[in-house]
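Chemist: Got a structure for you, written out below as structure tokens; questions coming shortly.
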Amino acid sequence: MSPTTTDSVIRRLPPLLVNQIAAGEVIERPASIVKELVENALDAGATRIRVELERGGIELVRVTDDGKGMGSIDLPLALAPHATSKIARPEDLDRIGTLGFRGEAIASIASVSRVRIRSRRSGADGANEIEGADGNVGEVKPAPGPVGTSIEARNLFYNTPARRKFLKTPQTEKQRCMEWLRDLALAHPAIGFTCLNDGREAMNVPPGQGPKERALAIVGTELEGEMVEVHADDLDDGRGVSLWGLAGLPSLARPTAKAQHVFLNGRTIRDKVVQHAIREAYRGLIEPGRHPSAVLMLEVPPDAVDVNVHPAKLEVRFRDRSLVHQVVLRAIRRGLERADLTPDTVATGFDGRFEGTSILPPTYRPPLDEPGVVDARAFADSIKEVLAKPTNEPLTYDRVQEALDEQAKKAFERRVEDMRTRAGGEPFEQPGVSQPQVPMPRVADRVLQVHNSYLLTQDARGVVIVDQHALHERVMFEKLFKRVLGEARPLESQPLLTPAAIEVSPAQAELVGSLGDLLAKIGIEAEAFGPASVGVRAFPTFLFERGVDPADFIPELLDKLEREGSSPTAEEALRDVLDMMACKAAVKAGDRMSQSELEELMQLREEVERSSNCPHGRPTSIRLTIAELEKLFGRR
């Protein structure tokens with residue numbers, strides 16, 4: 001019999017099916033149950049929370065807390081959909097201050113598993129218990145139990161086998177549960193957390209810890225020296241955004257963003273605004289494709305954020321996104337600026353050894369008012385003299401020191417002769433001086449160029465090895481970036497006698513048109529000559545001086561900008577252009593540097609920002625610590 005026009009095609013779904021559909025949004029795996037139940041325990045004011053798992057939570061998730069508990073009248077409502085104690089009026093949604101508020105978590109869990117709740121309020125004679133499964137709610141019964149609540153969910157997806165078969169192995173599901181539990185423990189350091197999986201302890205952190213103590217207890221106390229404390233107290237402009245956290249050094253960057261733990265008012269979030277700010281704070285400090293490690297605790301007024309935009313409450317919507325972005329970006333940048341970003345090597349992974357003893361002469365700045373001291377010009381002349389002598393011997397520190405000693409002796413004799421002359425020609429002896437003394441150079445000024453590619457120096461912690469190209473690239477980038485941003489006039493450019501025609505793709509030709517003003521600011525005059533051709537009329541002078549060909553540079557630059565995205569921001573495009581210019585203009589591996597060039601480069605290393613990494617994120621320097629040297633030579 002065919003349906004008539006009066007037959008309804010829309011039907012009201014049964015409550016069980018409604019709850020199972022809701023569960024599909026909220027309950028994906030055992031970890032989802034752990035998250036929802038632990039959040040409820042935190043909202044109940046618990047100080048200690050115990051989580052028990054069987055087979056990674058597939059067979060059992062039990063969460064027990066010492067919170068305020070529920071009375072017998074509350075237990076049936078706890079299993080009812082959209083019943084909650086956390087909001088009462090529509091306006092409450094604009095200032096949510098609890099982790100849970102929808103009132104659907106337990107009802108959803110009970111639609112796909114067998115649930116039992118046991119709870120006791122403070123002052124009550126005993127606890128009460130209720131069970132629920134398949135949409136059916138049992139009777140409330142008296143039961144023994146302490147103040148607080150215990151909720152268990154057994155046999156997840158027993159009544160929806162199609163979903164149960166998509167669960168992973170018990171070990172994988174246990175790991176997912178632990179990830180959520182670690183995040184919740186990080187966000188609430190004052191609360192004690194214990195977790196047992198199949199009877200074995202998987203986590204145990206005591207209550208009453210501070211944020212830093214808890215963070216290190218979770219991520220590993222061995223990383224304390226690899227993480228920088230960041231905060232936004234000095235950035236708070238009265239609009240109510242504050243931040244505390246630990247930011248990992250660039251050496252802790254990972255292939256994925258799993259090591260980023262971001263919390264908002266005690267809630268774990270995955271927010272694109274915050275993630276972008278973290279990436280920008282590390283721009284030029286880590287290689288593309290890698291992600292920083294961080295633990296960040298954000299606090300904003302409840303009415304400054306909307307947390308009701310995602311079923312699992314992971315995503316949020318800030319009222320002032322730019323303010324949050326600015327606070328995170330500036331706080332991490334300032335923290336990293338205060339840190340020593342030079343990574344240490346690992347002695348156990350080093351099986352090579354240093355060969356030879358050749359070392360360049362140290363840079364020397366003698367005080368000219370002391371007797372027996374070489375003056376600056378004489379010192380420079382002695383260096384030139386040593387370098388000019390034709391010899392097959394390597395340039396060693398001993399060779400240079402010998403020349404310095406000779407020069408110092410001559411200076412001393414000249415000073416004595418001068419004193420004798422002023423004394424009327426009588427013999428003159430300076431008491432206490434038996435031989436000329438040349439002051440030792442400063443430790444940080446000893447520099448050796450190795451294979452015309454690396455610079456070897458030392459600091460208070462050990463031996464520092466510098467990649468000359470990477471360091472010079474960073475120096476060039478910072479100089480160019482400050483120059484372009486700080487001055488209205490463009491970089492000096494050299495006009496070409498005839499425009500250089502370069503073949504490009506149609507998309508790249510269009511990109512040149514959109515970036516015309518930016519290119520002009522850095523000394524490049526270019527325009528589209530056709531649908532697949534670009535004409536270059538002028539090119540930066542300093543690139544010409546380094547032998548950079550516009551026909552090679554422009555296509556490579558356009559390829560880089562195209563890979564970054566079809567619509568890069570002005571600052572991103574500027575950084576990409578200057579990054580490539582710095583790379584092309586910097587000294588290369590294999591370029592021999594003069595002593596004055598070495599001195600200037602090492603001085604700039606101390607002055608420019610982020611000198612620990614090149615603009616691509618590769619380290620410019622690594623350190624072999626004294627402790628590692630002692631291990632290598634069997635001293636410890």
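Ligands are numbered from 1 in the order shown, residues from 1 within each chain, and chains are lettered A, B, ... in the order they appear in the structure tokens.
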Do a neighbour search on Val219 (chain A) at 12 Å with only C-alpha atoms, toss out local chain neighbours closer than 5 positions, and write the hits as a list in words.

Modeler: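 With the cut-off at 12 Å, the set is Glu179, Arg182, Asp183, Ala185, Leu186, Lys212, Glu213, Arg214, Glu224, Glu226, Met227, Leu246, Ala247, Gly248, Leu252, Lys258, Ala259, Gln260, His261, Ser293, Ala294 and Val295 of chain A.
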
Chemist: Please indicate the distance in Å from CA of Met178 (chain A) to CA of Met297 (chain A), rounded to one decimal place.

Modeler: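 CA of Met297 (chain A) lies 19.6 Å from CA of Met178 (chain A).
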
Chemist: Set the distance at 8 Å and use only C-alpha atoms: which residues neighbour Gly335 (chain A) once local chain neighbours fewer than 4 positions away are removed? I'd like the list as a ChimeraX atom specification.

Modeler: /A:228-231,247,331,339

Chemist: If I take CA of Ala586 (chain A) and CA of His276 (chain A), how far is one from the other in Å, to one decimal?

Modeler: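 CA of His276 (chain A) lies at a distance of 29.2 Å from CA of Ala586 (chain A).
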
Chemist: Using only C-alpha atoms, can you tell me which of A:Leu629, A:Leu314, A:Val300, A:Leu543 comes closest to Val463 (chain A)?

Modeler: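 Of A:Leu629, A:Leu314, A:Val300, A:Leu543, the one nearest Val463 (chain A) is A:Leu629, counting only C-alpha atoms.
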
Chemist: One decimal, in Å: what's the spacing between CA of Ile278 (chain A) and CA of Arg333 (chain A)?

Modeler: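 A separation of 9.1 Å between them.
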
Chemist: Out of A:Ala509, A:Val447, A:Ala133, A:Val327, which residue has the shortest atom-to-atom distance to Glu600 (chain A) when counting only C-alpha atoms?

Modeler: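 Closest residue, counting only C-alpha atoms: A:Val447.
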
Chemist: Excluding Pro506 (chain A) and its own-chain neighbours fewer than 6 positions away, which residues fall within 8 Å of it when counting only C-alpha atoms? Please give them as a ChimeraX atom specification.

Modeler: /A:531-533

Chemist: Can you tell me which residues surround Arg290 (chain A) at a distance of at most 12 Å, considering only C-alpha atoms, apart from same-chain residues fewer than 5 positions away, and format the answer as number ranges by chain?

Modeler: A: 250-260, 279, 282-285, 616-618

Chemist: Could you write out the selected residues, including N, CA and C atoms, as a CSV table (one decimal), in the first residue's frame?

Modeler:
chain,number,residue,atom,x,y,z
A,250,PRO,N,64.0,25.3,21.7
A,250,PRO,CA,63.8,24.8,20.3
A,250,PRO,C,64.3,23.4,20.1
A,251,SER,N,65.2,22.9,20.9
A,251,SER,CA,65.7,21.6,20.8
A,251,SER,C,64.7,20.5,21.2
A,252,LEU,N,63.6,21.0,21.9
A,252,LEU,CA,62.5,20.0,22.3
A,252,LEU,C,61.4,20.0,21.2
A,253,ALA,N,61.6,20.6,20.1
A,253,ALA,CA,60.5,20.6,19.1
A,253,ALA,C,60.3,19.1,18.6
A,254,ARG,N,59.0,18.8,18.3
A,254,ARG,CA,58.6,17.5,17.9
A,254,ARG,C,58.0,17.4,16.6
A,255,PRO,N,57.9,16.3,16.0
A,255,PRO,CA,57.2,16.2,14.6
A,255,PRO,C,55.7,16.5,14.6
A,256,THR,N,55.1,16.4,15.8
A,256,THR,CA,53.6,16.7,15.9
A,256,THR,C,53.4,17.7,17.0
A,257,ALA,N,52.2,18.2,17.1
A,257,ALA,CA,51.9,19.2,18.1
A,257,ALA,C,51.4,18.5,19.4
A,258,LYS,N,51.6,17.2,19.6
A,258,LYS,CA,51.1,16.5,20.8
A,258,LYS,C,51.7,17.0,22.1
A,259,ALA,N,52.9,17.6,22.0
A,259,ALA,CA,53.6,18.1,23.2
A,259,ALA,C,53.1,19.5,23.6
A,260,GLN,N,52.1,20.0,22.9
A,260,GLN,CA,51.6,21.3,23.3
A,260,GLN,C,50.3,21.1,24.1
A,279,ARG,N,53.3,29.1,17.2
A,279,ARG,CA,54.2,28.9,16.0
A,279,ARG,C,55.0,30.2,15.7
A,282,TYR,N,58.0,30.9,17.8
A,282,TYR,CA,59.2,30.1,17.5
A,282,TYR,C,59.6,30.3,16.1
A,283,ARG,N,59.0,31.2,15.3
A,283,ARG,CA,59.4,31.4,13.9
A,283,ARG,C,60.9,31.6,13.8
A,284,GLY,N,61.6,30.9,13.0
A,284,GLY,CA,63.0,31.0,12.9
A,284,GLY,C,63.9,30.3,13.9
A,285,LEU,N,63.2,29.7,14.9
A,285,LEU,CA,63.9,28.9,15.9
A,285,LEU,C,63.8,27.4,15.7
A,616,HIS,N,65.7,29.6,9.1
A,616,HIS,CA,65.0,28.4,8.8
A,616,HIS,C,64.8,27.5,10.0
A,617,GLY,N,65.4,27.9,11.2
A,617,GLY,CA,65.2,27.1,12.4
A,617,GLY,C,66.3,26.2,12.7
A,618,ARG,N,67.3,26.1,11.8
A,618,ARG,CA,68.4,25.2,12.2
A,618,ARG,C,69.3,25.9,13.2

Chemist: Of the residues A:Arg116, A:Gly56, A:Ser122, A:Phe166, which is the one nearest to Ala202 (chain A), using only C-alpha atoms?

Modeler: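 So, comparing all the options, the nearest one is A:Gly56.
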
Chemist: Taking the chain letters and numbering used in this document, name the residues of region 5-249 of chain A that DSSP puts in strand (DSSP E or B), as a ChimeraX atom specification.

Modeler: /A:48-54,60-65,114-120,127-133,136-137,141-143,148-154,192-197,200-205,227-231,242-248

Chemist: Nearest residue to Gly208 (chain A) out of A:Thr172, A:Ser594, A:Thr64, A:Thr47, using only C-alpha atoms?

Modeler: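 Ranking A:Thr172, A:Ser594, A:Thr64, A:Thr47 by distance to Gly208 (chain A), first place goes to A:Thr47.
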
Chemist: Can you list, as a short mmCIF file (atom, residue, chain, number, x, y, z; two decimals) with C-alpha atoms, in the first residue's frame, every protein, DNA or RNA residue that comes within 12 Å of Ala507 (chain A) when you count only C-alpha atoms, leaving out same-chain residues fewer than 5 positions away?

Modeler:
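Full text of out_19.cif as output:
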data_model
loop_
_atom_site.label_atom_id
_atom_site.label_comp_id
_atom_site.auth_asym_id
_atom_site.auth_seq_id
_atom_site.Cartn_x
_atom_site.Cartn_y
_atom_site.Cartn_z
CA VAL A 512 54.50 39.36 -8.48
CA GLY A 513 51.77 41.88 -9.25
CA SER A 514 50.27 41.56 -5.77
CA ALA A 528 54.61 40.86 -15.15
CA GLY A 530 52.89 38.54 -19.85
CA PRO A 531 50.81 35.66 -18.53
CA ALA A 532 53.93 33.57 -17.78
CA SER A 533 56.83 36.02 -17.70
CA VAL A 534 58.29 38.52 -15.24
CA PRO A 555 62.01 31.92 -9.62
CA LEU A 558 58.34 32.80 -6.14
CA ASP A 559 58.38 29.03 -5.63
CA LEU A 561 56.12 32.15 -1.60
CA GLU A 562 53.76 29.94 -3.59
CA ARG A 563 54.42 27.01 -1.25
CA GLY A 565 50.05 29.65 0.56
CA SER A 566 48.04 31.60 -1.93
CA SER A 567 47.51 34.59 0.36
#

Chemist: Which polymer residues have any atom within 12 Å of an atom of Lys584 (chain A), counting only C-alpha atoms, with same-chain residues fewer than 4 positions away left out, as a compact mmCIF listing (two decimals) with N, CA, C and O atoms, in the first residue's frame?

Modeler:
# COMPACT_ATOMS: atom_id res chain seq x y z
N HIS A 469 77.81 29.88 8.21
CA HIS A 469 76.76 30.29 7.27
C HIS A 469 75.45 30.53 8.00
O HIS A 469 74.77 31.55 7.78
N ALA A 470 75.08 29.62 8.90
CA ALA A 470 73.81 29.76 9.61
C ALA A 470 73.81 31.01 10.48
O ALA A 470 72.81 31.74 10.53
N HIS A 472 75.72 33.79 10.12
CA HIS A 472 75.73 34.99 9.28
C HIS A 472 74.37 35.21 8.63
O HIS A 472 73.91 36.35 8.45
N GLU A 473 73.69 34.11 8.30
CA GLU A 473 72.34 34.21 7.73
C GLU A 473 71.39 34.87 8.72
O GLU A 473 70.60 35.74 8.35
N ARG A 474 71.46 34.47 9.99
CA ARG A 474 70.60 35.09 11.01
C ARG A 474 70.94 36.57 11.17
O ARG A 474 70.06 37.42 11.27
N MET A 476 72.29 38.61 8.97
CA MET A 476 71.82 39.34 7.79
C MET A 476 70.31 39.52 7.84
O MET A 476 69.78 40.60 7.54
N PHE A 477 69.59 38.48 8.24
CA PHE A 477 68.13 38.56 8.29
C PHE A 477 67.68 39.63 9.27
O PHE A 477 66.81 40.45 8.96
N PRO A 540 68.65 44.25 -5.69
CA PRO A 540 69.40 44.77 -4.54
C PRO A 540 70.91 44.76 -4.76
O PRO A 540 71.47 43.75 -5.21
N PHE A 542 73.44 44.70 -2.63
CA PHE A 542 74.26 43.78 -1.85
C PHE A 542 74.15 42.34 -2.35
O PHE A 542 75.07 41.55 -2.20
N LEU A 543 73.02 42.00 -3.03
CA LEU A 543 72.93 40.68 -3.64
C LEU A 543 73.83 40.59 -4.87
O LEU A 543 74.45 39.55 -5.12
N PHE A 544 73.87 41.68 -5.65
CA PHE A 544 74.79 41.71 -6.79
C PHE A 544 76.22 41.53 -6.31
O PHE A 544 77.02 40.80 -6.93
N GLU A 545 76.56 42.20 -5.21
CA GLU A 545 77.94 42.11 -4.70
C GLU A 545 78.30 40.70 -4.26
O GLU A 545 79.47 40.33 -4.26
N ARG A 546 77.29 39.91 -3.87
CA ARG A 546 77.53 38.53 -3.49
C ARG A 546 77.42 37.57 -4.67
O ARG A 546 77.45 36.36 -4.50
N GLY A 547 77.25 38.11 -5.89
CA GLY A 547 77.20 37.27 -7.08
C GLY A 547 75.89 36.54 -7.30
O GLY A 547 75.86 35.51 -7.96
N VAL A 548 74.80 37.08 -6.74
CA VAL A 548 73.49 36.44 -6.89
C VAL A 548 72.87 36.88 -8.21
O VAL A 548 72.76 38.08 -8.49
N ASP A 549 72.43 35.93 -9.01
CA ASP A 549 71.84 36.20 -10.32
C ASP A 549 70.32 36.34 -10.18
O ASP A 549 69.66 35.44 -9.65
N PRO A 550 69.74 37.47 -10.65
CA PRO A 550 68.27 37.62 -10.56
C PRO A 550 67.51 36.48 -11.24
O PRO A 550 66.43 36.09 -10.78
N ASP A 552 68.17 33.41 -11.24
CA ASP A 552 68.08 32.26 -10.33
C ASP A 552 67.27 32.61 -9.08
O ASP A 552 66.52 31.79 -8.56
N PHE A 553 67.44 33.84 -8.60
CA PHE A 553 66.84 34.24 -7.33
C PHE A 553 65.32 34.38 -7.43
O PHE A 553 64.58 33.86 -6.58
N ILE A 554 64.82 35.07 -8.46
CA ILE A 554 63.39 35.37 -8.56
C ILE A 554 62.54 34.09 -8.66
O ILE A 554 61.56 33.94 -7.92
N GLU A 556 63.20 31.08 -7.66
CA GLU A 556 63.28 30.35 -6.39
C GLU A 556 62.44 31.05 -5.32
O GLU A 556 61.76 30.40 -4.52
N LEU A 557 62.47 32.38 -5.32
CA LEU A 557 61.68 33.14 -4.35
C LEU A 557 60.19 32.94 -4.58
O LEU A 557 59.42 32.72 -3.64
N VAL A 577 60.79 36.65 2.03
CA VAL A 577 61.68 37.31 1.07
C VAL A 577 63.03 37.60 1.73
O VAL A 577 64.09 37.29 1.17
N LEU A 578 63.01 38.20 2.92
CA LEU A 578 64.25 38.55 3.61
C LEU A 578 65.03 37.30 4.03
O LEU A 578 66.26 37.30 4.04
N ASP A 579 64.31 36.25 4.36
CA ASP A 579 64.94 34.97 4.69
C ASP A 579 65.79 34.49 3.53
O ASP A 579 66.96 34.12 3.70
N MET A 580 65.21 34.52 2.36
CA MET A 580 65.94 34.03 1.19
C MET A 580 67.09 34.97 0.82
O MET A 580 68.18 34.53 0.42
N LYS A 588 79.33 31.46 2.89
CA LYS A 588 79.00 30.05 2.66
C LYS A 588 80.00 29.15 3.38
O LYS A 588 81.09 29.58 3.77
